[in-house]
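Have a look at upload.cif; it's mmCIF, C-alpha atoms:
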data_start
#
loop_
_atom_site.group_PDB
_atom_site.id
_atom_site.type_symbol
_atom_site.label_atom_id
_atom_site.label_comp_id
_atom_site.auth_asym_id
_atom_site.auth_seq_id
_atom_site.Cartn_x
_atom_site.Cartn_y
_atom_site.Cartn_z
ATOM 1 C CA PRO O 660 88.435 123.810 102.172
ATOM 2 C CA VAL O 661 86.554 122.269 99.250
ATOM 3 C CA VAL O 662 85.927 118.519 99.559
ATOM 4 C CA ALA O 663 87.659 116.716 96.678
ATOM 5 C CA ILE O 664 86.834 113.091 97.643
ATOM 6 C CA ARG O 665 84.474 111.909 100.378
ATOM 7 C CA ASN O 666 84.949 108.882 102.638
ATOM 8 C CA LEU O 667 88.744 108.814 102.483
ATOM 9 C CA LYS O 668 89.399 106.657 105.520
ATOM 10 C CA ARG O 669 92.453 106.790 107.743
ATOM 11 C CA ALA O 670 94.074 103.849 109.507
ATOM 12 C CA ALA O 671 96.848 103.557 112.043
ATOM 13 C CA TRP O 672 99.306 102.394 109.395
ATOM 14 C CA SER O 673 99.215 105.463 107.168
ATOM 15 C CA GLY O 674 95.885 104.719 105.540
ATOM 16 C CA GLY O 675 94.422 107.456 103.398
ATOM 17 C CA ASN O 676 97.683 108.071 101.538
ATOM 18 C CA PHE O 677 97.600 110.161 98.397
ATOM 19 C CA ALA O 678 99.936 111.694 95.843
ATOM 20 C CA TYR O 679 99.208 114.375 93.244
ATOM 21 C CA ALA O 680 100.998 115.414 90.058
ATOM 22 C CA SER O 681 100.908 118.815 88.378
ATOM 23 C CA ASN O 682 99.198 117.306 85.317
ATOM 24 C CA GLY O 683 96.109 116.524 87.433
ATOM 25 C CA THR O 684 96.799 112.848 88.174
ATOM 26 C CA LEU O 685 95.687 111.857 91.670
ATOM 27 C CA LEU O 686 96.573 108.584 93.413
ATOM 28 C CA TYR O 687 94.893 107.750 96.688
ATOM 29 C CA GLU O 688 93.983 104.893 99.001
ATOM 30 C CA PRO O 689 90.222 105.149 99.635
ATOM 31 C CA ILE O 690 89.786 102.399 102.242
ATOM 32 C CA PRO O 691 92.908 100.935 103.854
ATOM 33 C CA LYS O 692 93.324 97.185 103.569
ATOM 34 C CA LEU O 693 95.374 95.008 105.861
ATOM 35 C CA VAL O 694 99.018 95.956 105.507
ATOM 36 C CA GLY O 695 100.093 92.819 103.640
ATOM 37 C CA GLU O 696 97.165 92.952 101.210
ATOM 38 C CA ARG O 697 97.630 96.385 99.663
ATOM 39 C CA GLN O 698 97.641 96.426 95.876
ATOM 40 C CA LEU O 699 97.991 99.323 93.458
ATOM 41 C CA VAL O 700 95.495 99.512 90.599
ATOM 42 C CA TRP O 701 94.505 101.862 87.782
ATOM 43 C CA VAL O 702 90.882 102.996 87.947
ATOM 44 C CA ASP O 703 89.228 104.272 84.781
ATOM 45 C CA MET O 704 86.348 106.745 84.565
ATOM 46 C CA GLN O 705 83.830 103.850 84.766
ATOM 47 C CA GLY O 706 85.380 102.560 88.020
ATOM 48 C CA ARG O 707 87.045 99.470 86.483
ATOM 49 C CA GLU O 708 90.273 98.447 88.223
ATOM 50 C CA THR O 709 93.402 97.148 86.470
ATOM 51 C CA PRO O 710 96.493 95.946 88.427
ATOM 52 C CA ILE O 711 99.647 97.941 87.652
ATOM 53 C CA GLY O 712 102.193 95.127 87.893
ATOM 54 C CA ILE O 713 103.278 94.771 91.501
ATOM 55 C CA SER O 714 102.006 92.005 93.762
ATOM 56 C CA PRO O 715 99.968 92.825 96.874
ATOM 57 C CA GLY O 716 102.080 93.584 99.899
ATOM 58 C CA SER O 717 103.041 95.985 102.649
ATOM 59 C CA LEU O 718 103.285 99.056 100.470
ATOM 60 C CA GLU O 719 102.243 102.674 100.209
ATOM 61 C CA VAL O 720 102.556 105.531 97.759
ATOM 62 C CA ALA O 721 105.491 107.831 98.552
ATOM 63 C CA SER O 722 105.424 110.299 95.648
ATOM 64 C CA LEU O 723 104.102 110.816 92.145
ATOM 65 C CA GLY O 724 106.318 112.477 89.548
ATOM 66 C CA ALA O 725 105.383 115.979 88.377
ATOM 67 C CA ASN O 726 104.088 114.678 85.046
ATOM 68 C CA GLY O 727 102.103 111.871 86.684
ATOM 69 C CA GLN O 728 104.086 109.209 84.861
ATOM 70 C CA ARG O 729 106.546 107.987 87.509
ATOM 71 C CA LEU O 730 105.614 106.505 90.855
ATOM 72 C CA LEU O 731 107.773 106.202 93.967
ATOM 73 C CA LEU O 732 106.625 103.548 96.406
ATOM 74 C CA ARG O 733 107.587 102.562 99.968
ATOM 75 C CA ARG O 734 107.579 98.828 100.669
ATOM 76 C CA TYR O 735 107.951 97.092 104.035
ATOM 77 C CA ASP O 736 109.556 93.659 104.309
ATOM 78 C CA ALA O 737 108.264 92.020 107.489
ATOM 79 C CA GLU O 738 110.845 89.236 107.240
ATOM 80 C CA ASP O 739 113.790 91.548 107.891
ATOM 81 C CA ALA O 740 111.763 94.460 109.354
ATOM 82 C CA ARG O 741 113.187 96.908 106.793
ATOM 83 C CA TRP O 742 111.812 99.436 104.315
ATOM 84 C CA SER O 743 112.796 100.009 100.700
ATOM 85 C CA LEU O 744 111.925 102.533 98.011
ATOM 86 C CA TRP O 745 110.852 101.444 94.512
ATOM 87 C CA VAL O 746 110.234 103.445 91.338
ATOM 88 C CA THR O 747 108.467 102.723 88.054
ATOM 89 C CA ASP O 748 107.362 104.470 84.903
ATOM 90 C CA LEU O 749 103.567 104.150 84.932
ATOM 91 C CA ARG O 750 103.443 103.913 81.119
ATOM 92 C CA GLY O 751 104.557 100.307 81.400
ATOM 93 C CA GLY O 752 108.043 100.313 82.890
ATOM 94 C CA ALA O 753 109.474 97.697 85.206
ATOM 95 C CA TRP O 754 109.762 98.292 88.952
ATOM 96 C CA ARG O 755 113.270 99.131 90.154
ATOM 97 C CA GLN O 756 114.473 99.110 93.748
ATOM 98 C CA VAL O 757 116.076 102.435 94.686
ATOM 99 C CA THR O 758 116.975 101.851 98.347
ATOM 100 C CA LYS O 759 117.145 98.821 100.604
ATOM 101 C CA GLY O 760 117.477 98.162 104.302
ATOM 102 C CA GLU O 761 115.965 101.333 105.751
ATOM 103 C CA ALA O 762 115.269 100.729 109.431
ATOM 104 C CA TYR O 763 112.619 103.463 109.588
ATOM 105 C CA ARG O 764 109.822 104.341 107.169
ATOM 106 C CA PRO O 765 111.501 106.803 104.787
ATOM 107 C CA SER O 766 109.903 110.026 103.655
ATOM 108 C CA ALA O 767 110.527 110.460 99.932
ATOM 109 C CA VAL O 768 109.589 112.813 97.092
ATOM 110 C CA PHE O 769 110.442 113.267 93.434
ATOM 111 C CA LEU O 770 112.316 116.432 92.585
ATOM 112 C CA GLU O 771 110.815 118.597 89.872
ATOM 113 C CA ASP O 772 113.103 117.146 87.191
ATOM 114 C CA GLY O 773 111.511 113.700 87.743
ATOM 115 C CA ALA O 774 114.955 112.088 87.473
ATOM 116 C CA SER O 775 115.926 112.451 91.142
ATOM 117 C CA ILE O 776 114.417 111.739 94.534
ATOM 118 C CA LEU O 777 115.014 113.218 97.976
ATOM 119 C CA TYR O 778 114.512 110.845 100.913
ATOM 120 C CA THR O 779 115.326 110.293 104.567
ATOM 121 C CA SER O 780 117.953 107.595 104.924
ATOM 122 C CA HIS O 781 118.467 105.025 107.674
ATOM 123 C CA ASP O 782 121.252 107.094 109.244
ATOM 124 C CA SER O 783 118.901 110.058 109.812
ATOM 125 C CA ARG O 784 120.241 112.091 106.914
ATOM 126 C CA LEU O 785 118.574 113.572 103.904
ATOM 127 C CA ALA O 786 119.724 111.818 100.733
ATOM 128 C CA LEU O 787 119.509 112.922 97.113
ATOM 129 C CA GLN O 788 119.666 110.226 94.460
ATOM 130 C CA ARG O 789 119.472 110.399 90.696
ATOM 131 C CA LEU O 790 117.379 107.468 89.567
ATOM 132 C CA ASP O 791 119.885 106.471 86.899
ATOM 133 C CA ALA O 792 122.758 106.397 89.410
ATOM 134 C CA ASN O 793 123.840 103.567 91.693
ATOM 135 C CA SER O 794 124.572 105.548 94.840
ATOM 136 C CA ALA O 795 122.899 108.296 96.797
ATOM 137 C CA THR O 796 124.465 111.638 97.596
ATOM 138 C CA GLN O 797 124.235 112.222 101.335
ATOM 139 C CA TYR O 798 123.503 115.704 102.621
ATOM 140 C CA PRO O 799 125.164 116.248 106.003
ATOM 141 C CA GLY O 800 122.941 117.180 108.915
ATOM 142 C CA PRO O 801 123.071 120.601 110.543
ATOM 143 C CA ASP O 802 125.600 119.475 113.172
ATOM 144 C CA SER O 803 128.129 118.346 110.526
ATOM 145 C CA SER O 804 131.048 120.495 109.468
#
If you convert what's in this file into structure tokens, what do you get?
Amino acid sequence: PVVAIRNLKRAAWSGGNFAYASNGTLLYEPIPKLVGERQLVWVDMQGRETPIGISPGSLEVASLGANGQRLLLRRYDAEDARWSLWVTDLRGGAWRQVTKGEAYRPSAVFLEDGASILYTSHDSRLALQRLDANSATQYPGPDSS
């Protein structure tokens, strides 16, 4: 393999996360911080950082939309020991909660259309949700009829 970025560190709590979009946008976590202190920032070509509008917390990148303009984020709430998924338009949109109350850390990705996500739900099923809809469509597991 060709080295793209050096010194990408890994930590026990999913440090070293990254997401890539087909337009060439790359998001990554170079050096993991303490879980509750993670903050997402824009970095320009001169290395200057600009916060992107979400307070520091127990968060990690889940997926980056194909055009590099939408971000899907996993967030952990230590108070109720639950995970949630959040989405935003990186051109200046507000953050919107997509799921709430996941007992386990959900895997999640944008579908190619950028308007839907596929994620693992708390009841161990794969769920498809359009981001403009209020409810997820559950895909039954292989043992369902």
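A straight line drawn from CA of Pro715 in chain O to CA of Arg764 in chain O is 18.3 Å long.
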Exercise for the section: Report as a PyMOL selection string the residues that result from applying the PyMOL selection byres ((chain O and resi 725) around 10) to the structure here. Expected result: chain O and resi 679-684+722-724+726-730+769-773
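Nearest-residue note for Ala786 in chain O: choosing from O:Ala721, O:Val700, O:Val757, O:Ala762, the minimum distance belongs to O:Val757, counting all atoms listed in the file.
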Handout entry: Result set, the PyMOL selection byres ((chain O and resi 735) around 10) on current file, as a PyMOL selection string
Key = chain O and resi 694-695+716-719+733-734+736-744+759-764
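Picture a line from CA of Val702 in chain O to CA of Ser714 in chain O; it runs 16.7 Å.
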Exercise for the section: Could you jot down the CA of Ala774 in chain O to CA of Gln788 in chain O separation for me, Å, one decimal place? Expected result: 8.6 Å
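Among the candidates O:Tyr778, O:Leu785, O:Leu790, O:Ala767, the one nearest to Asp748 in chain O when counting all atoms listed in the file is O:Leu790.
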My structure is short of atoms at range 763-774 of chain O; please model all heavy atoms there, returning them as a short mmCIF file (atom, residue, chain, number, x, y, z; two decimals), in the frame of the given file.
data_model
loop_
_atom_site.label_atom_id
_atom_site.label_comp_id
_atom_site.auth_asym_id
_atom_site.auth_seq_id
_atom_site.Cartn_x
_atom_site.Cartn_y
_atom_site.Cartn_z
N TYR O 763 113.82 102.69 109.32
CA TYR O 763 112.62 103.46 109.59
C TYR O 763 111.93 103.79 108.28
O TYR O 763 112.56 103.88 107.23
CB TYR O 763 112.97 104.76 110.33
CG TYR O 763 113.65 104.49 111.64
CD1 TYR O 763 115.03 104.58 111.76
CD2 TYR O 763 112.92 104.10 112.75
CE1 TYR O 763 115.67 104.31 112.96
CE2 TYR O 763 113.55 103.83 113.96
CZ TYR O 763 114.92 103.94 114.06
OH TYR O 763 115.54 103.67 115.23
N ARG O 764 110.62 103.99 108.35
CA ARG O 764 109.82 104.34 107.17
C ARG O 764 110.35 105.64 106.57
O ARG O 764 110.26 106.69 107.19
CB ARG O 764 108.37 104.49 107.60
CG ARG O 764 107.42 104.86 106.50
CD ARG O 764 106.01 104.97 107.10
NE ARG O 764 105.12 105.58 106.17
CZ ARG O 764 104.81 106.87 106.17
NH1 ARG O 764 105.34 107.69 107.05
NH2 ARG O 764 103.98 107.34 105.29
N PRO O 765 110.91 105.59 105.36
CA PRO O 765 111.50 106.80 104.79
C PRO O 765 110.44 107.74 104.20
O PRO O 765 109.46 107.31 103.61
CB PRO O 765 112.40 106.26 103.67
CG PRO O 765 111.76 104.97 103.27
CD PRO O 765 111.12 104.42 104.51
N SER O 766 110.66 109.03 104.39
CA SER O 766 109.90 110.03 103.66
C SER O 766 110.63 110.20 102.33
O SER O 766 111.85 110.17 102.28
CB SER O 766 109.89 111.36 104.41
OG SER O 766 109.19 111.22 105.61
N ALA O 767 109.88 110.37 101.24
CA ALA O 767 110.53 110.46 99.93
C ALA O 767 109.65 111.24 98.96
O ALA O 767 108.43 111.12 99.00
CB ALA O 767 110.78 109.06 99.37
N VAL O 768 110.29 112.05 98.12
CA VAL O 768 109.59 112.81 97.09
C VAL O 768 110.44 112.87 95.83
O VAL O 768 111.66 112.80 95.88
CB VAL O 768 109.27 114.26 97.54
CG1 VAL O 768 108.29 114.27 98.70
CG2 VAL O 768 110.53 115.02 97.89
N PHE O 769 109.75 112.98 94.69
CA PHE O 769 110.44 113.27 93.43
C PHE O 769 110.83 114.74 93.42
O PHE O 769 110.09 115.59 93.91
CB PHE O 769 109.52 113.05 92.23
CG PHE O 769 109.41 111.62 91.80
CD1 PHE O 769 108.28 110.89 92.09
CD2 PHE O 769 110.42 111.03 91.07
CE1 PHE O 769 108.15 109.58 91.68
CE2 PHE O 769 110.31 109.71 90.65
CZ PHE O 769 109.18 108.98 90.96
N LEU O 770 111.98 115.05 92.85
CA LEU O 770 112.32 116.43 92.58
C LEU O 770 111.63 116.83 91.29
O LEU O 770 111.15 115.98 90.53
CB LEU O 770 113.83 116.61 92.49
CG LEU O 770 114.58 116.32 93.79
CD1 LEU O 770 116.06 116.62 93.62
CD2 LEU O 770 114.01 117.10 94.95
N GLU O 771 111.57 118.10 91.02
CA GLU O 771 110.82 118.60 89.87
C GLU O 771 111.29 118.02 88.55
O GLU O 771 110.51 117.83 87.62
CB GLU O 771 110.87 120.12 89.83
CG GLU O 771 109.85 120.72 88.90
CD GLU O 771 109.72 122.22 89.07
OE1 GLU O 771 109.86 122.72 90.19
OE2 GLU O 771 109.49 122.87 88.05
N ASP O 772 112.59 117.69 88.45
CA ASP O 772 113.10 117.15 87.19
C ASP O 772 112.60 115.74 86.91
O ASP O 772 112.72 115.23 85.79
CB ASP O 772 114.63 117.18 87.16
CG ASP O 772 115.29 116.22 88.16
OD1 ASP O 772 114.58 115.50 88.89
OD2 ASP O 772 116.52 116.20 88.21
N GLY O 773 112.03 115.05 87.91
CA GLY O 773 111.51 113.70 87.74
C GLY O 773 112.58 112.63 87.63
O GLY O 773 112.28 111.45 87.57
N ALA O 774 113.85 113.03 87.62
CA ALA O 774 114.96 112.09 87.47
C ALA O 774 115.70 111.87 88.78
O ALA O 774 116.66 111.12 88.83
CB ALA O 774 115.92 112.58 86.40
#
